Amino acid sequence: MIKVRARMPIYCPWAMLLRSLGNTCELITCVPRAKYLGVNALVKVRSPELGAEELSERVSTVQGVERAVFYDALEAGSYVGTVMTKVCACARSGVPFNRLLMAKESEGGISFEFLFQDPDEFSEFIKEADARGYSVNVEEVRPVEKTSIQTQLTRTQMQLLAAALHIGFYEVPKKAGMRELAHLFGTSPRAVSEVLRRAHKKLVSSALAST
């Protein structure tokens, strides 16, 4: 398997709106939605004026956004949110969501990390993106072991772990609990608990195996 890091000139409309209002917006990761050409994006925003509720309201008005929820992050003036879209620019560009490990958006476009089976599969992605009129700037290509923890965790598990870390779920005492995580992702506390337990088991097993 090969791990590829690449950048494409793609922009999220809701992120562009946030920046136009004077905010700093960082896309942490995206998880594709099964029934749509959209994603469930985990985003961190630094806003000097808008609070969590105002951010949620503003982003929810952007075309293509189905749901947006923000919570206070650990850093003062920072917020973590999930933005659920029905369609996104990445889907239009031919980004292979089934090979996507990570996506981070900035003013220069979106940086992706992919995990392809072999170089041929990677080449097919380049050809598909080019046919759709999108350039792919390849920054790194390297082999990776199938047993690495990043390949063991699902994208949903990685996203939920990242959200839990940013909103203080792992702090002592806790800054946020299962209920807040469930509301952030539009699901139930029980579902969140099950995803976290499976992710924690993989992390612990990997840590013990490495020692």
# chains A, B, ... in the order shown; residues from 1 in each chain; ligands from 1
call {"tool": "residues_around", "arguments": {"residues": "Ser78 in chain A", "least_positions_apart": "4", "cutoff": "8 Å", "atoms": "only C-alpha atoms", "output": "PyMOL selection string"}}
result
chain A and resi 44-47+72-74
call {"tool": "closest_atom_pairs", "arguments": {"of": "range 52-104 of chain A", "to": "range 15-22 of chain A", "cutoff": "10 Å", "atoms": "only C-alpha atoms", "output": "JSON lines"}}
result
{"residue": "A:Leu55", "atom": "CA", "partner": "A:Leu18", "partner_atom": "CA", "distance": 8.3}
{"residue": "A:Arg58", "atom": "CA", "partner": "A:Leu18", "partner_atom": "CA", "distance": 8.3}
{"residue": "A:Val59", "atom": "CA", "partner": "A:Leu18", "partner_atom": "CA", "distance": 7.7}
{"residue": "A:Val62", "atom": "CA", "partner": "A:Leu17", "partner_atom": "CA", "distance": 8.2}
{"residue": "A:Val83", "atom": "CA", "partner": "A:Ala15", "partner_atom": "CA", "distance": 9.9}
call {"tool": "write_last_selection", "arguments": {"atoms": "N, CA and C atoms", "output": "JSON list (two decimals), in the first residue's frame"}}
result
[["chain", "number", "residue", "atom", "x", "y", "z"],
["A", 55, "LEU", "N", -22.15, 30.89, 15.01],
["A", 55, "LEU", "CA", -21.43, 30.15, 13.97],
["A", 55, "LEU", "C", -22.33, 29.07, 13.38],
["A", 58, "ARG", "N", -24.93, 30.78, 11.08],
["A", 58, "ARG", "CA", -24.36, 31.33, 9.84],
["A", 58, "ARG", "C", -24.01, 30.22, 8.85],
["A", 59, "VAL", "N", -23.33, 29.19, 9.32],
["A", 59, "VAL", "CA", -22.89, 28.11, 8.44],
["A", 59, "VAL", "C", -24.09, 27.32, 7.90],
["A", 62, "VAL", "N", -25.56, 28.34, 4.44],
["A", 62, "VAL", "CA", -24.80, 28.19, 3.20],
["A", 62, "VAL", "C", -25.42, 27.09, 2.35],
["A", 83, "VAL", "N", -19.92, 20.06, 10.21],
["A", 83, "VAL", "CA", -20.68, 20.64, 9.11],
["A", 83, "VAL", "C", -21.08, 19.49, 8.18]]
call {"tool": "residues_around", "arguments": {"residues": "range 100-111 of chain A", "least_positions_apart": "4", "cutoff": "6 Å", "atoms": "only C-alpha atoms", "output": "list of chain:residue names"}}
result
A:Ala6, A:Arg7, A:Met8, A:Pro9, A:Ile10, A:Tyr11, A:Leu27, A:Ile28, A:Thr29
call {"tool": "select_by_dssp", "arguments": {"residues": "chain A", "states": "helix (DSSP H, G or I)", "output": "VMD selection string"}}
result
chain A and resid 13 to 20 52 to 60 89 to 93 97 to 99 119 to 131 149 to 152 155 to 166 178 to 185 189 to 210
call {"tool": "closest_residue", "arguments": {"among": "A:Asp118, A:Glu49, A:Asp130, A:Glu124", "to": "Val144 in chain A", "atoms": "only C-alpha atoms"}}
result
A:Asp118
call {"tool": "atom_distance", "arguments": {"atom1": "CA of Leu161 in chain A", "atom2": "CA of Pro48 in chain A"}}
result
26.3 Å
